[in-house]
$ cat query-v1.cif   # mmCIF, C-alpha atoms and all ligand atoms
data_work
loop_
_atom_site.label_atom_id
_atom_site.label_comp_id
_atom_site.auth_asym_id
_atom_site.auth_seq_id
_atom_site.Cartn_x
_atom_site.Cartn_y
_atom_site.Cartn_z
CA MET A 1 10.98 22.99 7.40
CA ASN A 2 14.02 22.50 5.17
CA HIS A 3 15.73 25.62 6.57
CA PHE A 4 15.56 24.16 10.08
CA LEU A 5 16.83 20.79 8.92
CA HIS A 6 19.71 22.06 6.78
CA PRO A 7 22.31 22.08 9.62
CA LEU A 8 21.28 18.57 10.64
CA VAL A 9 21.47 17.27 7.07
CA ASN A 10 24.88 18.86 6.48
CA GLU A 11 26.23 17.17 9.61
CA LEU A 12 24.71 13.87 8.57
CA LEU A 13 26.44 14.12 5.18
CA GLN A 14 29.79 14.32 6.98
CA PHE A 15 28.86 11.31 9.05
CA TRP A 16 28.35 9.36 5.81
CA ASP A 17 31.44 10.55 3.96
CA PRO A 18 34.12 10.61 5.38
CA SER A 19 32.13 9.09 8.36
CA CYS A 20 33.21 9.20 11.99
CA TYR A 21 35.51 7.04 14.12
CA PHE A 22 34.66 6.76 17.83
CA SER A 23 37.74 5.75 19.84
CA HIS A 24 35.71 4.12 22.60
CA THR A 25 32.03 3.18 23.06
CA ALA A 26 30.12 1.09 25.62
CA THR A 27 29.90 -1.92 23.30
CA CYS A 28 33.16 -1.34 21.39
CA PRO A 29 35.98 -0.55 23.87
CA ALA A 30 38.51 -0.58 21.01
CA GLY A 31 36.48 1.95 19.03
CA CYS A 32 34.35 1.69 15.92
CA LEU A 33 33.65 3.40 12.60
CA VAL A 34 30.14 4.87 12.35
CA HIS A 35 28.15 5.82 9.25
CA TYR A 36 24.90 7.75 9.64
CA VAL A 37 22.21 7.67 6.99
CA LEU A 38 18.69 9.03 6.68
CA ILE A 39 16.18 6.33 5.87
CA PRO A 40 12.69 6.65 4.42
CA LEU A 41 9.64 6.33 6.66
CA ILE A 42 7.61 3.31 5.55
CA CYS A 43 4.41 2.27 7.32
CA ASP A 44 0.65 2.33 6.90
CA VAL A 45 -0.99 5.68 6.23
CA PRO A 46 -2.37 6.42 9.76
CA ALA A 47 1.01 5.66 11.36
CA LEU A 48 2.91 7.60 8.68
CA ARG A 49 0.84 10.72 9.28
CA LYS A 50 1.38 10.53 13.04
CA VAL A 51 5.12 9.83 12.93
CA ALA A 52 5.76 12.57 10.33
CA SER A 53 3.40 15.02 12.10
CA PHE A 54 1.25 15.37 9.00
CA MET A 55 -2.50 15.96 8.94
CA GLY A 56 -4.59 12.76 9.23
CA HIS A 57 -5.88 11.20 6.02
CA SER A 58 -9.49 12.06 6.96
CA GLY A 59 -8.75 15.80 6.62
CA HIS A 60 -9.72 17.89 3.58
CA SER A 61 -6.09 17.91 2.35
CA PHE A 62 -5.80 14.17 2.74
CA CYS A 63 -2.76 13.51 0.54
CA SER A 64 0.82 13.93 1.78
CA PHE A 65 2.15 13.89 -1.80
CA CYS A 66 0.05 16.65 -3.35
CA CYS A 67 -2.51 19.27 -2.31
CA LEU A 68 -5.61 17.60 -3.77
CA GLN A 69 -8.74 18.34 -1.73
CA ASP A 70 -11.19 15.58 -0.78
CA SER A 71 -13.90 17.31 -2.85
CA ASP A 72 -11.74 16.70 -5.96
CA ILE A 73 -11.00 13.03 -5.26
CA THR A 74 -12.85 11.84 -8.39
CA ASN A 75 -11.22 14.49 -10.60
CA PHE A 76 -8.49 12.39 -12.21
CA ASP A 77 -7.14 15.23 -14.39
CA GLU A 78 -6.45 17.18 -11.19
CA HIS A 79 -4.75 14.05 -9.76
CA VAL A 80 -2.37 13.95 -12.69
CA ARG A 81 -1.70 17.70 -12.70
CA LEU A 82 -0.85 17.81 -8.98
CA ALA A 83 1.17 14.60 -9.08
CA THR A 84 3.22 15.99 -12.00
CA MET A 85 3.78 19.26 -10.09
CA TRP A 86 4.93 17.26 -7.05
CA TRP A 87 7.34 15.19 -9.12
CA ASP A 88 8.77 18.22 -10.96
CA ALA A 89 9.17 20.37 -7.84
CA PRO A 90 12.82 21.36 -7.19
CA THR A 91 14.48 19.60 -4.25
CA GLU A 92 17.58 20.18 -2.18
CA ASN A 93 19.60 17.80 -0.02
CA LEU A 94 16.59 16.63 1.91
CA ASP A 95 12.98 16.68 0.80
CA ILE A 96 11.10 15.34 3.79
CA MET A 97 8.02 14.70 1.65
CA LYS A 98 9.93 12.26 -0.54
CA TYR A 99 11.13 10.30 2.52
CA THR A 100 7.59 9.55 3.71
CA ILE A 101 6.82 6.60 1.50
CA LEU A 102 3.57 4.93 0.62
CA ASP A 103 3.83 1.28 1.61
CA ALA A 104 2.67 -0.99 -1.21
CA MET A 105 1.60 -3.83 1.09
CA HIS A 106 -0.87 -1.69 3.06
CA ASN A 107 -1.92 0.42 0.07
CA LEU A 108 -2.54 -2.39 -2.40
CA PHE A 109 -3.21 -5.66 -0.57
CA LEU A 110 -4.83 -4.47 2.66
CA GLY A 111 -6.19 -1.34 0.97
CA ASP A 112 -7.40 -1.53 -2.62
CA LEU A 113 -7.89 -5.33 -2.91
CA LYS A 114 -9.58 -5.80 0.45
CA ARG A 115 -11.76 -2.73 -0.02
CA HIS A 116 -12.90 -3.88 -3.45
CA LEU A 117 -14.12 -7.23 -2.10
CA VAL A 118 -15.43 -6.21 1.32
CA ASN A 119 -16.76 -2.67 0.86
CA ILE A 120 -17.53 -2.35 -2.86
CA TRP A 121 -18.64 -5.88 -3.73
CA ARG A 122 -19.76 -6.55 -0.12
CA MET A 123 -18.51 -10.11 -0.47
CA THR A 124 -19.71 -11.29 2.93
CA SER A 125 -22.18 -13.89 4.04
CA THR A 126 -24.37 -13.61 7.12
CA ALA A 127 -25.60 -17.18 6.89
CA GLY A 128 -22.45 -18.65 8.38
CA LYS A 129 -21.83 -20.57 5.16
CA THR A 130 -18.92 -20.35 2.79
CA PRO A 131 -20.00 -18.22 -0.21
CA LYS A 132 -20.78 -20.11 -3.38
CA GLY A 133 -17.74 -20.64 -5.55
CA MET A 134 -15.20 -20.42 -2.70
CA ILE A 135 -15.29 -24.13 -1.99
CA ASP A 136 -12.82 -24.92 -4.77
CA MET A 137 -10.20 -22.53 -3.42
CA ASN A 138 -8.42 -25.10 -1.27
CA GLN A 139 -8.25 -27.47 -4.27
CA THR A 140 -6.27 -24.94 -6.32
CA MET A 141 -2.59 -25.85 -6.53
CA LEU A 142 -0.40 -22.82 -5.88
CA PRO A 143 3.36 -22.23 -6.24
CA SER A 144 5.17 -22.80 -2.93
CA TRP A 145 5.92 -19.08 -2.48
CA MET A 146 2.24 -18.08 -2.49
CA ALA A 147 0.16 -18.01 0.71
CA GLN A 148 -3.04 -20.02 0.57
CA ALA A 149 -6.12 -17.84 0.99
CA PRO A 150 -8.72 -19.12 3.48
CA CYS A 151 -11.26 -21.25 1.64
CA ASN A 152 -14.06 -19.65 3.70
CA LEU A 153 -13.13 -16.15 2.53
CA GLY A 154 -16.19 -13.92 2.83
CA SER A 155 -17.87 -15.94 5.58
CA PRO A 156 -18.24 -14.53 9.13
CA ASN A 157 -15.72 -17.02 10.52
CA GLN A 158 -12.97 -16.36 7.96
CA GLY A 159 -10.73 -14.92 10.71
CA TYR A 160 -8.00 -12.39 10.03
CA VAL A 161 -6.89 -12.47 6.40
CA LYS A 162 -3.25 -11.46 5.92
CA ALA A 163 -1.97 -9.20 3.15
CA ASP A 164 -0.43 -12.03 1.11
CA GLN A 165 -3.66 -14.04 1.42
CA TRP A 166 -5.65 -11.13 -0.06
CA GLN A 167 -3.08 -11.07 -2.85
CA THR A 168 -3.48 -14.79 -3.61
CA ALA A 169 -7.27 -14.65 -3.40
CA CYS A 170 -7.49 -11.71 -5.81
CA GLU A 171 -4.67 -12.53 -8.22
CA VAL A 172 -5.35 -16.27 -8.50
CA ASN A 173 -8.53 -17.72 -6.99
CA LEU A 174 -11.03 -14.99 -7.82
CA VAL A 175 -9.63 -14.42 -11.29
CA ILE A 176 -10.17 -18.11 -12.09
CA MET A 177 -13.64 -18.06 -10.54
CA PHE A 178 -14.97 -14.82 -12.04
CA VAL A 179 -13.52 -15.38 -15.50
CA TRP A 180 -15.37 -18.70 -15.47
CA LEU A 181 -18.59 -17.16 -14.09
CA TRP A 182 -18.72 -13.79 -15.88
CA GLY A 183 -16.33 -14.10 -18.80
CA ARG A 184 -18.05 -16.80 -20.84
CA LEU A 185 -20.24 -16.25 -23.87
CA GLY A 186 -23.76 -15.21 -22.97
CA SER A 187 -22.93 -13.66 -19.58
CA LYS A 188 -24.64 -10.37 -18.71
CA GLN A 189 -23.07 -7.14 -19.89
CA ALA A 190 -23.04 -5.81 -16.32
CA HIS A 191 -21.12 -8.88 -15.15
CA ARG A 192 -18.57 -8.47 -17.94
CA ALA A 193 -18.09 -4.83 -16.90
CA TYR A 194 -17.57 -5.89 -13.24
CA LEU A 195 -15.06 -8.47 -14.42
CA ALA A 196 -13.13 -5.94 -16.56
CA ASN A 197 -13.06 -3.52 -13.62
CA PHE A 198 -11.78 -6.22 -11.25
CA LEU A 199 -9.15 -7.41 -13.73
CA ALA A 200 -7.91 -3.83 -14.14
CA LEU A 201 -7.37 -3.71 -10.37
CA VAL A 202 -5.63 -7.10 -10.33
CA MET A 203 -3.34 -6.08 -13.19
CA ALA A 204 -2.57 -2.73 -11.50
CA VAL A 205 -1.56 -4.54 -8.29
CA HIS A 206 0.36 -7.16 -10.25
CA TRP A 207 2.36 -4.55 -12.18
CA ALA A 208 2.96 -2.46 -9.05
CA THR A 209 4.65 -5.41 -7.34
CA LYS A 210 6.93 -6.55 -10.17
CA GLN A 211 10.34 -5.54 -11.44
CA SER A 212 8.87 -3.58 -14.35
CA THR A 213 5.70 -1.57 -13.99
CA SER A 214 2.81 0.19 -15.70
CA GLU A 215 0.97 3.37 -14.71
CA LEU A 216 -1.97 2.58 -16.94
CA HIS A 217 -3.97 -0.05 -15.08
CA MET A 218 -4.63 1.78 -11.80
CA LYS A 219 -6.08 4.69 -13.78
CA LEU A 220 -8.19 2.24 -15.82
CA TYR A 221 -9.44 0.63 -12.62
CA LEU A 222 -10.36 3.91 -10.90
CA HIS A 223 -12.10 5.32 -13.97
CA SER A 224 -14.23 2.17 -14.38
CA LEU A 225 -14.85 1.94 -10.62
CA VAL A 226 -16.37 5.44 -10.51
CA ARG A 227 -18.50 4.63 -13.55
CA LEU A 228 -19.77 1.26 -12.23
CA PHE A 229 -20.15 2.09 -8.55
CA PRO A 230 -20.95 5.82 -8.38
CA LEU A 231 -22.17 5.50 -4.80
CA SER A 232 -18.91 4.06 -3.52
CA VAL A 233 -16.93 7.27 -3.19
CA LEU A 234 -13.21 6.96 -3.78
CA LYS A 235 -11.13 6.83 -0.62
CA PRO A 236 -7.79 8.52 0.04
CA ASN A 237 -6.14 5.11 -0.36
CA HIS A 238 -7.32 4.94 -3.98
CA HIS A 239 -5.78 8.31 -4.74
CA LEU A 240 -2.56 7.38 -2.95
CA SER A 241 -2.24 4.33 -5.22
CA LEU A 242 -1.62 6.76 -8.09
CA HIS A 243 1.42 8.09 -6.21
CA LEU A 244 3.02 4.63 -5.90
CA VAL A 245 4.72 5.08 -9.25
CA GLU A 246 6.59 8.13 -7.90
CA CYS A 247 7.81 6.13 -4.89
CA MET A 248 8.97 3.42 -7.31
CA ARG A 249 10.90 5.97 -9.37
CA LEU A 250 12.66 7.10 -6.18
CA PHE A 251 13.29 3.77 -4.46
CA GLY A 252 12.94 1.04 -7.11
CA PRO A 253 10.59 -1.98 -7.21
CA THR A 254 8.13 -2.17 -4.31
CA HIS A 255 9.41 -5.47 -2.92
CA GLY A 256 12.65 -3.69 -1.98
CA TRP A 257 10.93 -1.38 0.50
CA TRP A 258 7.45 -2.70 1.32
CA ALA A 259 6.49 -3.50 4.92
CA PHE A 260 6.36 -7.32 4.68
CA PRO A 261 9.76 -7.86 6.40
CA PHE A 262 8.86 -5.52 9.29
CA GLU A 263 5.36 -6.77 10.01
CA PRO A 264 6.44 -9.77 12.20
CA TYR A 265 8.05 -7.29 14.59
CA ASN A 266 4.61 -5.74 15.19
CA GLY A 267 3.46 -9.11 16.53
CA ILE A 268 6.55 -9.46 18.73
CA LEU A 269 6.16 -5.94 20.12
CA GLY A 270 2.40 -6.35 20.50
CA SER A 271 2.80 -9.52 22.58
CA ALA A 272 5.44 -8.00 24.92
CA ASN A 273 4.32 -7.56 28.53
CA THR A 274 3.95 -3.91 29.50
CA ASN A 275 2.50 -2.01 32.45
CA GLY A 276 0.02 -0.33 30.08
CA LYS A 277 1.48 3.13 30.75
CA GLU A 278 3.21 4.87 27.85
CA GLY A 279 6.77 5.98 28.54
CA VAL A 280 6.91 4.56 32.10
ZN ZN B 301 -1.96 13.20 -4.03
#
$ encode --input "query-v1.cif" --output "structure tokens"
Amino acid sequence: MNHFLHPLVNELLQFWDPSCYFSHTATCPAGCLVHYVLIPLICDVPALRKVASFMGHSGHSFCSFCCLQDSDITNFDEHVRLATMWWDAPTENLDIMKYTILDAMHNLFLGDLKRHLVNIWRMTSTAGKTPKGMIDMNQTMLPSWMAQAPCNLGSPNQGYVKADQWQTACEVNLVIMFVWLWGRLGSKQAHRAYLANFLALVMAVHWATKQSTSELHMKLYLHSLVRLFPLSVLKPNHHLSLHLVECMRLFGPTHGWWAFPFEPYNGILGSANTNGKEGV
């Protein structure tokens, strides 16, 4: 692929430095200076695979960062070996693989956190009632920059829970609740293990969304998850979380390139009137 893209990349480099001056354009009759730049592709995993023409994440080679097979998804040593190979691989002007970025918002908040509560813990209620312990959520005072999680989280009528609401629920409300329920003296050993596993996930997400970071906690979480819930097979999203650190080394802290600022445009585009026919 790189051989085909070389001419394009070389021309783009000239468009960046020294750049190009157009003497006349439709919107600038007096001319304008134009810089071209390649930007990384940032979106959720299904969209990323389609836009970049990669194989879907349900395929055997599910990872776009390394060549791990789905049969090896619980083999963490192989994760590390392949991730290290990927990071150390020589690159030229353009490495298309390193411009297809894993979005932290979808991977962590709508991926790992939501999956842990909904699919692994099965924190849902069919009785139409708010689950026990959730009632105090709307009495918790939060900093103004945090989104309030729905106090009926886990009930059938909770509605759509946004990414930042999953973050608040997991990093604040549920930590308070489960430390109180499972972390006190005399609580069952199994409950303490569930709590340690959940806190490892919360710390991994916390560190992945701060200015400084840690690679340790996501590995701790995945190791303990496989041990505690052997029937809940790891998903591609779990493996991709281990690649976040490489994206952070390339592009800096996650809040500089995550999808939060772009998401409102999805709503605007989704509500636009169309004739229902693509491209017409
Ligand atoms: Zn991988």
$ residues_around --input "query-v1.cif" --residues "Pro150 (chain A)" --least-positions-apart "6" --cutoff "9 Å" --atoms "only C-alpha atoms" --output "PyMOL selection string"
chain A and resi 137-138+158-159+161+165+169
$ closest_atom_pairs --input "query-v1.cif" --of "chain A" --to "ligand ZN 301 (chain B)" --cutoff "7 Å" --atoms "all atoms listed in the file" --output "JSON lines"
{"residue": "A:Cys63", "atom": "CA", "partner": "B:ZN301", "partner_atom": "ZN", "distance": 4.6}
{"residue": "A:Ser64", "atom": "CA", "partner": "B:ZN301", "partner_atom": "ZN", "distance": 6.5}
{"residue": "A:Phe65", "atom": "CA", "partner": "B:ZN301", "partner_atom": "ZN", "distance": 4.7}
{"residue": "A:Cys66", "atom": "CA", "partner": "B:ZN301", "partner_atom": "ZN", "distance": 4.1}
{"residue": "A:Cys67", "atom": "CA", "partner": "B:ZN301", "partner_atom": "ZN", "distance": 6.3}
{"residue": "A:Leu68", "atom": "CA", "partner": "B:ZN301", "partner_atom": "ZN", "distance": 5.7}
{"residue": "A:His79", "atom": "CA", "partner": "B:ZN301", "partner_atom": "ZN", "distance": 6.4}
{"residue": "A:Leu82", "atom": "CA", "partner": "B:ZN301", "partner_atom": "ZN", "distance": 6.9}
{"residue": "A:Ala83", "atom": "CA", "partner": "B:ZN301", "partner_atom": "ZN", "distance": 6.1}
{"residue": "A:His239", "atom": "CA", "partner": "B:ZN301", "partner_atom": "ZN", "distance": 6.2}
{"residue": "A:Leu240", "atom": "CA", "partner": "B:ZN301", "partner_atom": "ZN", "distance": 5.9}
{"residue": "A:His243", "atom": "CA", "partner": "B:ZN301", "partner_atom": "ZN", "distance": 6.5}
$ atom_distance --input "query-v1.cif" --atom1 "CA of Trp166 (chain A)" --atom2 "CA of Leu110 (chain A)"
7.2 Å
$ atom_distance --input "query-v1.cif" --atom1 "CA of Asn237 (chain A)" --atom2 "CA of Ile42 (chain A)"
15.1 Å
$ closest_residue --input "query-v1.cif" --among "A:Pro156, A:Lys50, A:Val179, A:Trp207" --to "Val245 (chain A)" --atoms "all atoms listed in the file"
A:Trp207
$ axis_aligned_box --input "query-v1.cif" --around "region 73-80 of chain A" --padding-each-side "8 Å" --output "lines of an AutoDock Vina configuration file"
center_x = -7.6
center_y = 14.5
center_z = -9.8
size_x = 26.5
size_y = 21.3
size_z = 25.1
$ closest_atom_pairs --input "query-v1.cif" --of "region 3-57 of chain A" --to "region 246-252 of chain A" --cutoff "12 Å" --atoms "only C-alpha atoms" --output "CSV"
residue,atom,partner,partner_atom,distance
A:Ile39,CA,A:Phe251,CA,11.0
A:Pro40,CA,A:Phe251,CA,9.4
A:Leu41,CA,A:Cys247,CA,11.7
A:Ile42,CA,A:Cys247,CA,10.8
$ residues_around --input "query-v1.cif" --residues "region 17-19 of chain A" --least-positions-apart "6" --cutoff "8 Å" --atoms "only C-alpha atoms" --output "list in words"
Leu33, Val34, His35 and Tyr36 of chain A
$ closest_residue --input "query-v1.cif" --among "A:Thr25, A:Ser144, A:Gln69, A:Ser224" --to "His57 (chain A)" --atoms "all atoms listed in the file"
A:Gln69
$ atom_distance --input "query-v1.cif" --atom1 "CA of Thr213 (chain A)" --atom2 "CA of Met141 (chain A)"
26.7 Å
$ closest_residue --input "query-v1.cif" --among "A:His6, A:Arg49, A:His106, A:His60" --to "Ala259 (chain A)" --atoms "only C-alpha atoms"
A:His106
$ residues_near_point --input "query-v1.cif" --point "(-7.5, 4.0, -15.0)" --cutoff "12 Å" --atoms "only C-alpha atoms" --output "PyMOL selection string"
chain A and resi 74-77+79-80+196-201+203-204+214-227+238-239+241-242
$ closest_residue --input "query-v1.cif" --among "A:Leu231, A:Met97, A:Met177, A:Ile120" --to "Ser53 (chain A)" --atoms "all atoms listed in the file"
A:Met97
$ residues_near_point --input "query-v1.cif" --point "(-17.2, 1.1, -2.8)" --cutoff "7 Å" --atoms "all atoms listed in the file" --output "PyMOL selection string"
chain A and resi 116+119-120+229+231-233
$ residues_around --input "query-v1.cif" --residues "Phe178 (chain A)" --least-positions-apart "6" --cutoff "10 Å" --atoms "only C-alpha atoms" --output "ChimeraX atom specification"
/A:133,184,191-192,194-195,198-199
$ build_atoms --input "query-v1.cif" --residues "region 16-37 of chain A" --atoms "N, CA and C atoms" --output "mmCIF file, keeping the file's coordinate frame"
data_model
loop_
_atom_site.group_PDB
_atom_site.id
_atom_site.type_symbol
_atom_site.label_atom_id
_atom_site.label_comp_id
_atom_site.auth_asym_id
_atom_site.auth_seq_id
_atom_site.Cartn_x
_atom_site.Cartn_y
_atom_site.Cartn_z
ATOM 1 N N TRP A 16 28.360 10.415 6.834
ATOM 2 C CA TRP A 16 28.350 9.360 5.810
ATOM 3 C C TRP A 16 29.684 9.325 5.070
ATOM 4 N N ASP A 17 30.164 10.473 4.673
ATOM 5 C CA ASP A 17 31.440 10.550 3.960
ATOM 6 C C ASP A 17 32.190 11.806 4.402
ATOM 7 N N PRO A 18 33.241 11.763 5.170
ATOM 8 C CA PRO A 18 34.120 10.610 5.380
ATOM 9 C C PRO A 18 33.696 9.671 6.498
ATOM 10 N N SER A 19 32.596 9.886 7.205
ATOM 11 C CA SER A 19 32.130 9.090 8.360
ATOM 12 C C SER A 19 32.879 9.506 9.625
ATOM 13 N N CYS A 20 32.646 8.778 10.698
ATOM 14 C CA CYS A 20 33.210 9.200 11.990
ATOM 15 C C CYS A 20 33.746 7.983 12.744
ATOM 16 N N TYR A 21 34.921 8.141 13.336
ATOM 17 C CA TYR A 21 35.510 7.040 14.120
ATOM 18 C C TYR A 21 35.445 7.398 15.607
ATOM 19 N N PHE A 22 34.738 6.576 16.367
ATOM 20 C CA PHE A 22 34.660 6.760 17.830
ATOM 21 C C PHE A 22 35.750 5.878 18.452
ATOM 22 N N SER A 23 36.619 6.500 19.278
ATOM 23 C CA SER A 23 37.740 5.750 19.840
ATOM 24 C C SER A 23 37.306 4.774 20.917
ATOM 25 N N HIS A 24 36.147 5.007 21.517
ATOM 26 C CA HIS A 24 35.710 4.120 22.600
ATOM 27 C C HIS A 24 34.195 4.256 22.766
ATOM 28 N N THR A 25 33.469 3.144 22.768
ATOM 29 C CA THR A 25 32.030 3.180 23.060
ATOM 30 C C THR A 25 31.716 2.079 24.073
ATOM 31 N N ALA A 26 30.507 2.069 24.594
ATOM 32 C CA ALA A 26 30.120 1.090 25.620
ATOM 33 C C ALA A 26 30.248 -0.337 25.100
ATOM 34 N N THR A 27 29.865 -0.556 23.851
ATOM 35 C CA THR A 27 29.900 -1.920 23.300
ATOM 36 C C THR A 27 31.177 -2.202 22.513
ATOM 37 N N CYS A 28 31.916 -1.166 22.157
ATOM 38 C CA CYS A 28 33.160 -1.340 21.390
ATOM 39 C C CYS A 28 34.301 -0.615 22.118
ATOM 40 N N PRO A 29 34.910 -1.228 23.101
ATOM 41 C CA PRO A 29 35.980 -0.550 23.870
ATOM 42 C C PRO A 29 37.164 -0.166 22.987
ATOM 43 N N ALA A 30 37.381 -0.903 21.891
ATOM 44 C CA ALA A 30 38.510 -0.580 21.010
ATOM 45 C C ALA A 30 38.138 0.445 19.945
ATOM 46 N N GLY A 31 36.906 0.946 20.000
ATOM 47 C CA GLY A 31 36.480 1.950 19.030
ATOM 48 C C GLY A 31 35.746 1.336 17.848
ATOM 49 N N CYS A 32 35.062 2.182 17.101
ATOM 50 C CA CYS A 32 34.350 1.690 15.920
ATOM 51 C C CYS A 32 34.085 2.840 14.950
ATOM 52 N N LEU A 33 33.949 2.436 13.661
ATOM 53 C CA LEU A 33 33.650 3.400 12.600
ATOM 54 C C LEU A 33 32.124 3.480 12.446
ATOM 55 N N VAL A 34 31.600 4.701 12.400
ATOM 56 C CA VAL A 34 30.140 4.870 12.350
ATOM 57 C C VAL A 34 29.750 5.642 11.095
ATOM 58 N N HIS A 35 28.772 5.103 10.365
ATOM 59 C CA HIS A 35 28.150 5.820 9.250
ATOM 60 C C HIS A 35 26.718 6.162 9.652
ATOM 61 N N TYR A 36 26.297 7.380 9.403
ATOM 62 C CA TYR A 36 24.900 7.750 9.640
ATOM 63 C C TYR A 36 24.223 7.894 8.288
ATOM 64 N N VAL A 37 22.960 7.514 8.236
ATOM 65 C CA VAL A 37 22.210 7.670 6.990
ATOM 66 C C VAL A 37 20.744 7.946 7.317
#
